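> Just dropping this structure here.
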Amino acid sequence: MEWEILMTEQVEKFLDALYGADRSTHSLVNQAILILERNGPGEGRPLVDSITASQLSNMKELRPPSAGRTEVRILFVFDPWRSAVLLVAGDKSGQWNRWYRQAIPEAEELYALYLKERLGDVADERD
C-alpha cells in the first residue's frame, strides 16, 4: 500500500524553483519522492536518514541524488494517517550545519501547525 505524499507550500515553491534552475536534479528529487511514496517508512539509507537533532523523534530527511552541485534535502515526518508530510526543502551545499539549524525548527513548527489543522479536521468530521 502506498503512502500519501503531502507537502508544505515551502516545499512546493522550492521544487518549482528547482525545476526552473536544474531540471535534471528536479527529476531525481521527484524520483526520490516516488520511492518514498511506494516504500514509506521501510525506505532507509542512503535515500532516507533520521534527524537526531529534532525534538520530533520521527523526523527524517530525504536525500535525493543530485545531477549538479546541489545537495537537496527535504525534512519530513510520517504522520499517523499514512502520509509522508514533506515540511522543508532546501539546498544545503556549502552550508552543511547551518542549513539544519534553520530548517529543523521551521520543520517542527510546520508539523505542529499541520497536526493542529489535521486534528481539527478529524474533530469536525466527528461532529
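Residues are named by chain letter and number: chains run A, B, ... in the order of the C-alpha cells, numbers start at 1 in each chain, and ligands are numbered from 1 in the order shown.
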Using DSSP on the backbone coordinates, identify the residues of chain A assigned to strand (DSSP E); present them as a list in words.

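Checking each residue of chain A, the strand (DSSP E) ones are Glu4, Ile5, Leu6, Met7, Val48, Asp49, Ser50, Met59, Lys60, Glu61, Leu62, Val72, Arg73, Ile74, Leu75, Phe76, Val77, Phe78, Ser83, Ala84, Val85, Leu86, Leu87, Val88, Ala89, Gly90 and Asp91 of chain A.
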
> Can I get the selection written as a CSV table (one decimal), in the first residue's frame, with N, CA and C atoms?


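Contents of the output file out.csv:
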chain,number,residue,atom,x,y,z
A,4,GLU,N,0.6,8.3,1.2
A,4,GLU,CA,0.2,9.6,0.6
A,4,GLU,C,1.4,10.6,0.9
A,5,ILE,N,1.7,11.4,-0.2
A,5,ILE,CA,2.7,12.4,0.0
A,5,ILE,C,2.0,13.8,0.1
A,6,LEU,N,2.2,14.5,1.2
A,6,LEU,CA,1.7,15.8,1.3
A,6,LEU,C,3.0,16.8,1.4
A,7,MET,N,2.8,18.0,1.0
A,7,MET,CA,3.9,18.9,1.1
A,7,MET,C,3.5,20.3,1.4
A,48,VAL,N,17.0,7.9,2.7
A,48,VAL,CA,16.3,8.4,3.8
A,48,VAL,C,17.2,8.2,5.1
A,49,ASP,N,17.3,9.3,5.9
A,49,ASP,CA,18.0,9.2,7.1
A,49,ASP,C,17.3,9.9,8.2
A,50,SER,N,17.5,9.5,9.5
A,50,SER,CA,16.9,10.1,10.6
A,50,SER,C,17.6,11.4,11.0
A,59,MET,N,11.3,12.6,12.8
A,59,MET,CA,11.7,13.5,11.7
A,59,MET,C,12.8,12.8,10.9
A,60,LYS,N,12.7,12.9,9.6
A,60,LYS,CA,13.7,12.3,8.7
A,60,LYS,C,14.0,13.3,7.6
A,61,GLU,N,15.0,12.9,6.9
A,61,GLU,CA,15.4,13.7,5.7
A,61,GLU,C,15.5,12.8,4.5
A,62,LEU,N,14.9,13.3,3.4
A,62,LEU,CA,15.0,12.7,2.1
A,62,LEU,C,16.3,13.2,1.5
A,72,VAL,N,20.3,18.7,-2.3
A,72,VAL,CA,18.9,18.9,-1.9
A,72,VAL,C,18.6,18.0,-0.7
A,73,ARG,N,17.9,18.6,0.3
A,73,ARG,CA,17.4,17.8,1.4
A,73,ARG,C,16.0,18.2,1.6
A,74,ILE,N,15.2,17.3,2.0
A,74,ILE,CA,13.8,17.5,2.3
A,74,ILE,C,13.5,16.9,3.7
A,75,LEU,N,13.2,17.7,4.7
A,75,LEU,CA,12.8,17.2,6.0
A,75,LEU,C,11.3,16.8,6.0
A,76,PHE,N,11.1,15.7,6.6
A,76,PHE,CA,9.7,15.2,6.5
A,76,PHE,C,9.4,14.3,7.8
A,77,VAL,N,8.1,14.0,7.9
A,77,VAL,CA,7.6,13.2,9.0
A,77,VAL,C,6.6,12.3,8.5
A,78,PHE,N,6.5,11.0,8.9
A,78,PHE,CA,5.4,10.1,8.6
A,78,PHE,C,4.4,10.4,9.7
A,83,SER,N,0.7,9.2,5.9
A,83,SER,CA,1.1,10.2,5.0
A,83,SER,C,2.6,10.6,5.3
A,84,ALA,N,3.4,10.9,4.3
A,84,ALA,CA,4.7,11.5,4.4
A,84,ALA,C,4.5,13.0,4.2
A,85,VAL,N,4.7,13.7,5.2
A,85,VAL,CA,4.5,15.2,5.2
A,85,VAL,C,5.9,15.8,4.9
A,86,LEU,N,6.1,16.3,3.7
A,86,LEU,CA,7.3,17.0,3.3
A,86,LEU,C,7.2,18.4,3.8
A,87,LEU,N,8.1,18.8,4.8
A,87,LEU,CA,7.9,20.0,5.5
A,87,LEU,C,8.8,21.2,5.0
A,88,VAL,N,10.1,20.9,4.9
A,88,VAL,CA,11.0,21.9,4.5
A,88,VAL,C,12.0,21.3,3.5
A,89,ALA,N,12.2,22.1,2.4
A,89,ALA,CA,13.2,21.6,1.4
A,89,ALA,C,14.2,22.7,1.2
A,90,GLY,N,15.4,22.3,0.8
A,90,GLY,CA,16.5,23.3,0.6
A,90,GLY,C,17.7,22.6,0.0
A,91,ASP,N,18.7,23.5,-0.4
A,91,ASP,CA,20.0,23.1,-0.9
A,91,ASP,C,21.0,23.4,0.2

> Using only C-alpha atoms, I'd like a table of the residues in range 41-119 of chain A that come within 7 Å of range 14-36 of chain A; for each, show the closest atom pair and its distance in Å rounded to one decimal, ordered by chain and ascending number, as a Markdown table.


| residue | atom | partner | partner_atom | distance |
| --- | --- | --- | --- | --- |
| A:Glu43 | CA | A:Leu36 | CA | 6.7 |
| A:Pro64 | CA | A:Val29 | CA | 5.4 |
| A:Pro65 | CA | A:Leu28 | CA | 6.2 |
| A:Ser66 | CA | A:Thr25 | CA | 5.1 |
| A:Ala67 | CA | A:Thr25 | CA | 5.0 |
| A:Gly68 | CA | A:Thr25 | CA | 7.0 |
| A:Ala89 | CA | A:Phe14 | CA | 6.4 |
| A:Gly90 | CA | A:Phe14 | CA | 6.9 |

> Can you tell me which residues surround Gly94 in chain A at a distance of at most 12 Å, considering only C-alpha atoms, apart from same-chain residues fewer than 6 positions away, and format the answer as a ChimeraX atom specification?

/A:69-72

> Can you write out the residues you just picked, keeping N, CA and C atoms, as a CSV table (one decimal), in the first residue's frame?


chain,number,residue,atom,x,y,z
A,69,ARG,N,25.7,20.5,-8.6
A,69,ARG,CA,26.4,20.8,-7.3
A,69,ARG,C,25.5,21.0,-6.1
A,70,THR,N,24.3,20.7,-6.3
A,70,THR,CA,23.3,20.9,-5.2
A,70,THR,C,23.3,19.7,-4.3
A,71,GLU,N,22.9,19.9,-3.1
A,71,GLU,CA,22.7,18.9,-2.1
A,71,GLU,C,21.3,19.1,-1.5
A,72,VAL,N,20.3,18.7,-2.3
A,72,VAL,CA,18.9,18.9,-1.9
A,72,VAL,C,18.6,18.0,-0.7

> Have a look at A:Lys13, A:Glu2, A:Ile104, A:Leu113 and name the one nearest to Ala53 in chain A; count only C-alpha atoms.

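Among the listed residues, the smallest separation from Ala53 in chain A belongs to A:Ile104.
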
> How far is it from CA of Arg101 in chain A to CA of Gly120 in chain A, in Å with one decimal?

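Value for the CA of Arg101 in chain A-CA of Gly120 in chain A distance: 29.7 Å.
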
> Check chain A with DSSP on the backbone and list each residue it calls alpha helix (DSSP H), as a PyMOL selection string.

chain A and resi 9-21+23-39+96-126

> Keeping only C-alpha atoms, write those residues as an mmCIF file, in the first residue's frame.


data_model
loop_
_atom_site.group_PDB
_atom_site.id
_atom_site.type_symbol
_atom_site.label_atom_id
_atom_site.label_comp_id
_atom_site.auth_asym_id
_atom_site.auth_seq_id
_atom_site.Cartn_x
_atom_site.Cartn_y
_atom_site.Cartn_z
ATOM 1 C CA GLU A 9 3.911 25.480 0.382
ATOM 2 C CA GLN A 10 7.616 25.972 1.140
ATOM 3 C CA VAL A 11 8.456 22.589 -0.426
ATOM 4 C CA GLU A 12 6.232 23.265 -3.445
ATOM 5 C CA LYS A 13 7.945 26.618 -4.062
ATOM 6 C CA PHE A 14 11.398 25.084 -3.680
ATOM 7 C CA LEU A 15 10.569 22.325 -6.177
ATOM 8 C CA ASP A 16 9.116 24.847 -8.645
ATOM 9 C CA ALA A 17 12.299 26.939 -8.438
ATOM 10 C CA LEU A 18 14.458 23.823 -8.781
ATOM 11 C CA TYR A 19 12.571 22.857 -11.943
ATOM 12 C CA GLY A 20 13.487 26.201 -13.478
ATOM 13 C CA ALA A 21 17.114 26.075 -12.353
ATOM 14 C CA ARG A 23 15.647 20.067 -14.355
ATOM 15 C CA SER A 24 17.913 17.034 -14.011
ATOM 16 C CA THR A 25 18.122 17.399 -10.240
ATOM 17 C CA HIS A 26 14.388 18.158 -10.115
ATOM 18 C CA SER A 27 13.747 14.849 -11.873
ATOM 19 C CA LEU A 28 15.968 12.995 -9.387
ATOM 20 C CA VAL A 29 14.120 14.620 -6.475
ATOM 21 C CA ASN A 30 10.768 13.597 -7.957
ATOM 22 C CA GLN A 31 12.028 10.028 -8.352
ATOM 23 C CA ALA A 32 13.083 10.017 -4.692
ATOM 24 C CA ILE A 33 9.627 11.254 -3.647
ATOM 25 C CA LEU A 34 8.011 8.452 -5.672
ATOM 26 C CA ILE A 35 10.230 5.878 -3.935
ATOM 27 C CA LEU A 36 9.215 7.351 -0.580
ATOM 28 C CA GLU A 37 5.560 7.123 -1.606
ATOM 29 C CA ARG A 38 5.971 3.464 -2.538
ATOM 30 C CA ASN A 39 8.145 2.271 0.355
ATOM 31 C CA TRP A 96 26.129 21.905 5.946
ATOM 32 C CA ASN A 97 25.342 22.565 9.614
ATOM 33 C CA ARG A 98 23.792 25.996 9.234
ATOM 34 C CA TRP A 99 21.054 24.640 6.964
ATOM 35 C CA TYR A 100 19.927 22.175 9.636
ATOM 36 C CA ARG A 101 19.984 24.831 12.387
ATOM 37 C CA GLN A 102 17.497 26.861 10.358
ATOM 38 C CA ALA A 103 15.463 24.089 8.724
ATOM 39 C CA ILE A 104 14.801 21.823 11.711
ATOM 40 C CA PRO A 105 12.979 24.426 13.862
ATOM 41 C CA GLU A 106 10.994 25.534 10.811
ATOM 42 C CA ALA A 107 10.009 21.924 10.061
ATOM 43 C CA GLU A 108 8.993 21.329 13.684
ATOM 44 C CA GLU A 109 6.787 24.420 13.625
ATOM 45 C CA LEU A 110 5.193 23.470 10.305
ATOM 46 C CA TYR A 111 4.466 19.952 11.547
ATOM 47 C CA ALA A 112 2.819 21.325 14.697
ATOM 48 C CA LEU A 113 0.586 23.527 12.519
ATOM 49 C CA TYR A 114 -0.183 20.586 10.251
ATOM 50 C CA LEU A 115 -1.195 18.405 13.200
ATOM 51 C CA LYS A 116 -3.381 21.148 14.631
ATOM 52 C CA GLU A 117 -5.164 21.554 11.292
ATOM 53 C CA ARG A 118 -5.435 17.812 10.694
ATOM 54 C CA LEU A 119 -6.754 17.072 14.170
ATOM 55 C CA GLY A 120 -9.238 19.916 13.757
ATOM 56 C CA ASP A 121 -10.436 18.359 10.508
ATOM 57 C CA VAL A 122 -10.798 14.956 12.196
ATOM 58 C CA ALA A 123 -12.805 16.531 15.036
ATOM 59 C CA ASP A 124 -15.026 18.342 12.505
ATOM 60 C CA GLU A 125 -15.741 15.044 10.736
ATOM 61 C CA ARG A 126 -16.954 13.522 14.011
#

> Rounded to one decimal place, report the CA of Gly40 in chain A-CA of Asp79 in chain A distance in Å.

10.8 Å

> One number please: CA of Lys92 in chain A to CA of Pro80 in chain A, in Å, one decimal.

28.6 Å
